[in-house]
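Enquirer: Supplied in structure tokens, the structure appears directly below.
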Amino acid sequence: MLPQLISSTFSWLRDEVSAKAENALISILAAGPIPQHVAFILDGNRRYARSKGMQVKQGHTDGFYTLRKMLEICMKLNVRCVSAYAFSIENFKRSSDEVTALMDLAEEKLLELCRRGDILDQYGIRLVVVGHRDMLPERVLAAAEKAENMTKNNNKAIFNLCMPYTSRDEITTAVHRAIQSRLDDDADDTDITEGEIEAHLMTSIAGSPPLDILVRSSGVKRLSDYMLWQCSEDTQLQFSSTYWPEFGLLDFAPIILDYQRKVWFKV
């Protein structure tokens, strides 16, 4: 009994020290220029699970907890908008068991986010599900719409949960909407401008600011059809070798410092 008590006491002290150190580091980072919009490609869940001898489903579950953690870190840093590539349209090509497990997890966690006092409520975050929503199972779509409805009046930050999403689909949809808008207005000028397409992007409709940083975990260096339009100009692309479920503040801090260095250098 005594060894267990000592062990739990040291564990509590370690967590307390870790939390205080983390908050101190966040305070230091927050003193410099902070990006308004950060996007994450949540890569490496399956490889992480296999490396730990876990089921793939557990890797995705751990990845969700990392997403919550990083969302909270971004809020403490006063990042205005966070986007997460949670599920690609291409992911529907995976095994039916894995797709079902991912949809079950999405439904569970979306409903969890709806709870009063949860992270969205705590930080005044408006949730927006970005993507080809009609591809979602009805139960997942219902959970997504519930979360969106419950947070629609939150105005301190935006959380774009991109699922099921690809950038090509977003751009194609924006072009269709821009054309339809012209047709509805009976405009004589039928030339569609770049600005009109950008205004009809799902992230623009959600009110997202320009994308400052795009982060991909797991060491893979490609965009995988994510926010290709948004990161075509001044976005800083950052690639981390850490699997997403293990990604944390110590991986993110150098990315923020690099952003700050580039901002200061530009000035």
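Following the order of the structure tokens, first chain is A, next is B, and so on, with residues numbered from 1 inside each chain and ligands from 1 in the order they appear.
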Write out as a ChimeraX atom specification all residues of region 107-147 of chain A that backbone DSSP assigns to strand (DSSP E or B).
Expert: /A:125-130
Enquirer: Which is closer to Gln260 (chain A) than all the others in A:Ala206, A:Ile158, A:Ile213, A:Leu136, using only C-alpha atoms?
Expert: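 For Gln260 (chain A), the nearest of the candidates is A:Ile213.
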Enquirer: I'd like the neighbourhood of Tyr85 (chain A) as a list in words, where a residue qualifies if any of its atoms comes within 8 Å (using only C-alpha atoms), though same-chain residues fewer than 2 positions away should be ignored.
Expert: Ala39, Phe40, Ile41, Leu42, Ser83, Phe87, Ser88, Leu161, Cys162, Met163, Tyr165 and Tyr226 of chain A
Enquirer: Find the residue from A:Glu246, A:Glu22, A:Glu90, A:Asp134 that sits nearest to Ile73 (chain A); use only C-alpha atoms when measuring.
Expert: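 Between A:Glu246, A:Glu22, A:Glu90, A:Asp134, the residue approaching Ile73 (chain A) most closely is A:Glu22.
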Enquirer: Calculated over only C-alpha atoms, which of the candidates A:Thr173, A:Ser240, A:Asn149, A:Ser167 has the smallest distance to Val220 (chain A)?
Expert: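 Of the candidates, the smallest distance to Val220 (chain A) is held by A:Ser240.
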Enquirer: Could you give me the residues within region 4-203 of chain A that DSSP places in helix (DSSP H, G or I), as a ChimeraX atom specification?
Expert: /A:4-30,45-51,56-76,89-93,96-113,119-123,133-135,138-151,167-184,194-199,202-203
Enquirer: Which one is closest to Gly59 (chain A): A:Ala187, A:Leu102, A:Ala84, A:Met227? Count only C-alpha atoms.
Expert: A:Leu102
Enquirer: Find the residues near Val129 (chain A): any atom within 9 Å, counting only C-alpha atoms, skip ones fewer than 3 places away on the same chain, and give them as a list in words.
Expert: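 Here the answer would be Arg133, Ala144, Glu145, Glu148, Phe159, Asn160, Leu161, Cys162, Met163 and Pro164 of chain A.
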Enquirer: Pull N, CA, C and O atoms from the residues just selected and write them as a compact mmCIF listing (two decimals), in the first residue's frame.
Expert:
```
# COMPACT_ATOMS: atom_id res chain seq x y z
N ARG A 133 -19.88 16.75 -46.71
CA ARG A 133 -20.62 16.27 -45.55
C ARG A 133 -21.61 15.16 -45.88
O ARG A 133 -21.88 14.30 -45.04
N ALA A 144 -22.23 15.85 -35.90
CA ALA A 144 -21.50 17.03 -36.37
C ALA A 144 -22.40 18.26 -36.34
O ALA A 144 -21.99 19.35 -35.89
N GLU A 145 -23.62 18.11 -36.81
CA GLU A 145 -24.55 19.25 -36.84
C GLU A 145 -24.93 19.68 -35.43
O GLU A 145 -25.12 20.87 -35.16
N GLU A 148 -21.96 21.70 -34.21
CA GLU A 148 -21.95 23.00 -34.88
C GLU A 148 -23.03 23.92 -34.31
O GLU A 148 -22.79 25.11 -34.07
N PHE A 159 -12.61 26.25 -35.13
CA PHE A 159 -11.99 24.94 -35.28
C PHE A 159 -12.60 24.26 -36.50
O PHE A 159 -13.75 23.85 -36.48
N ASN A 160 -11.82 24.19 -37.59
CA ASN A 160 -12.26 23.51 -38.80
C ASN A 160 -11.89 22.04 -38.72
O ASN A 160 -10.72 21.68 -38.77
N LEU A 161 -12.90 21.18 -38.59
CA LEU A 161 -12.67 19.74 -38.59
C LEU A 161 -12.94 19.25 -40.00
O LEU A 161 -14.10 19.17 -40.43
N CYS A 162 -11.88 18.94 -40.71
CA CYS A 162 -12.00 18.63 -42.14
C CYS A 162 -12.25 17.14 -42.33
O CYS A 162 -11.33 16.32 -42.21
N MET A 163 -13.49 16.79 -42.64
CA MET A 163 -13.88 15.39 -42.80
C MET A 163 -15.28 15.30 -43.43
O MET A 163 -16.19 15.97 -42.97
N PRO A 164 -15.44 14.45 -44.45
CA PRO A 164 -14.41 13.93 -45.34
C PRO A 164 -14.03 15.04 -46.33
O PRO A 164 -14.89 15.73 -46.86
```
Enquirer: Would you mind reading off the distance between CA of Met135 (chain A) and CA of Ser232 (chain A), one decimal, in Å?
Expert: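 Those two atoms sit 27.1 Å apart.
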Enquirer: For Ile171 (chain A), please output as a VMD selection string all residues within 8 Å (counting only C-alpha atoms; exclusion window: fewer than 3 positions along the same chain).
Expert: chain A and resid 167 to 168 174 to 175 197 201 229
Enquirer: Got time to write the residues from that selection, N, CA and C atoms, as a JSON list (two decimals), in the first residue's frame?
Expert:
```
[["chain", "number", "residue", "atom", "x", "y", "z"],
["A", 167, "SER", "N", -8.73, 18.74, -50.99],
["A", 167, "SER", "CA", -8.64, 20.09, -51.52],
["A", 167, "SER", "C", -9.23, 20.17, -52.92],
["A", 168, "ARG", "N", -9.02, 19.13, -53.72],
["A", 168, "ARG", "CA", -9.59, 19.14, -55.07],
["A", 168, "ARG", "C", -11.11, 19.25, -55.02],
["A", 174, "ALA", "N", -16.11, 25.04, -54.95],
["A", 174, "ALA", "CA", -16.07, 26.51, -54.96],
["A", 174, "ALA", "C", -16.30, 27.05, -56.37],
["A", 175, "VAL", "N", -15.72, 26.40, -57.36],
["A", 175, "VAL", "CA", -15.92, 26.84, -58.76],
["A", 175, "VAL", "C", -17.39, 26.70, -59.14],
["A", 197, "ILE", "N", -13.71, 32.55, -56.52],
["A", 197, "ILE", "CA", -13.48, 31.16, -56.16],
["A", 197, "ILE", "C", -13.05, 31.07, -54.70],
["A", 201, "LEU", "N", -14.68, 29.07, -51.14],
["A", 201, "LEU", "CA", -14.02, 27.93, -50.48],
["A", 201, "LEU", "C", -14.70, 27.68, -49.14],
["A", 229, "TRP", "N", -5.10, 25.26, -52.12],
["A", 229, "TRP", "CA", -5.35, 26.67, -52.46],
["A", 229, "TRP", "C", -4.85, 27.57, -51.33]]
```
Enquirer: Considering only C-alpha atoms, can you say which of A:Ala24, A:Leu237, A:Val82, A:Ile34 comes closest to Pro209 (chain A)?
Expert: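 Nearest to Pro209 (chain A): A:Val82.
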Enquirer: Can you tell me how far CA of Leu250 (chain A) sits from CA of Asp212 (chain A), in Å to one decimal?
Expert: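 We find that CA of Leu250 (chain A) and CA of Asp212 (chain A) lie 19.4 Å from each other.
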Enquirer: Considering only C-alpha atoms, state which residue in the set A:Leu71, A:Met54, A:Val99, A:Ala31 is at the smallest distance from Leu249 (chain A).
Expert: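 Between A:Leu71, A:Met54, A:Val99, A:Ala31, the residue approaching Leu249 (chain A) most closely is A:Leu71.
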Enquirer: Tell me, in Å to one decimal, how far CA of Leu214 (chain A) is from CA of Trp244 (chain A).
Expert: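 Between these atoms lies a distance of 13.8 Å.
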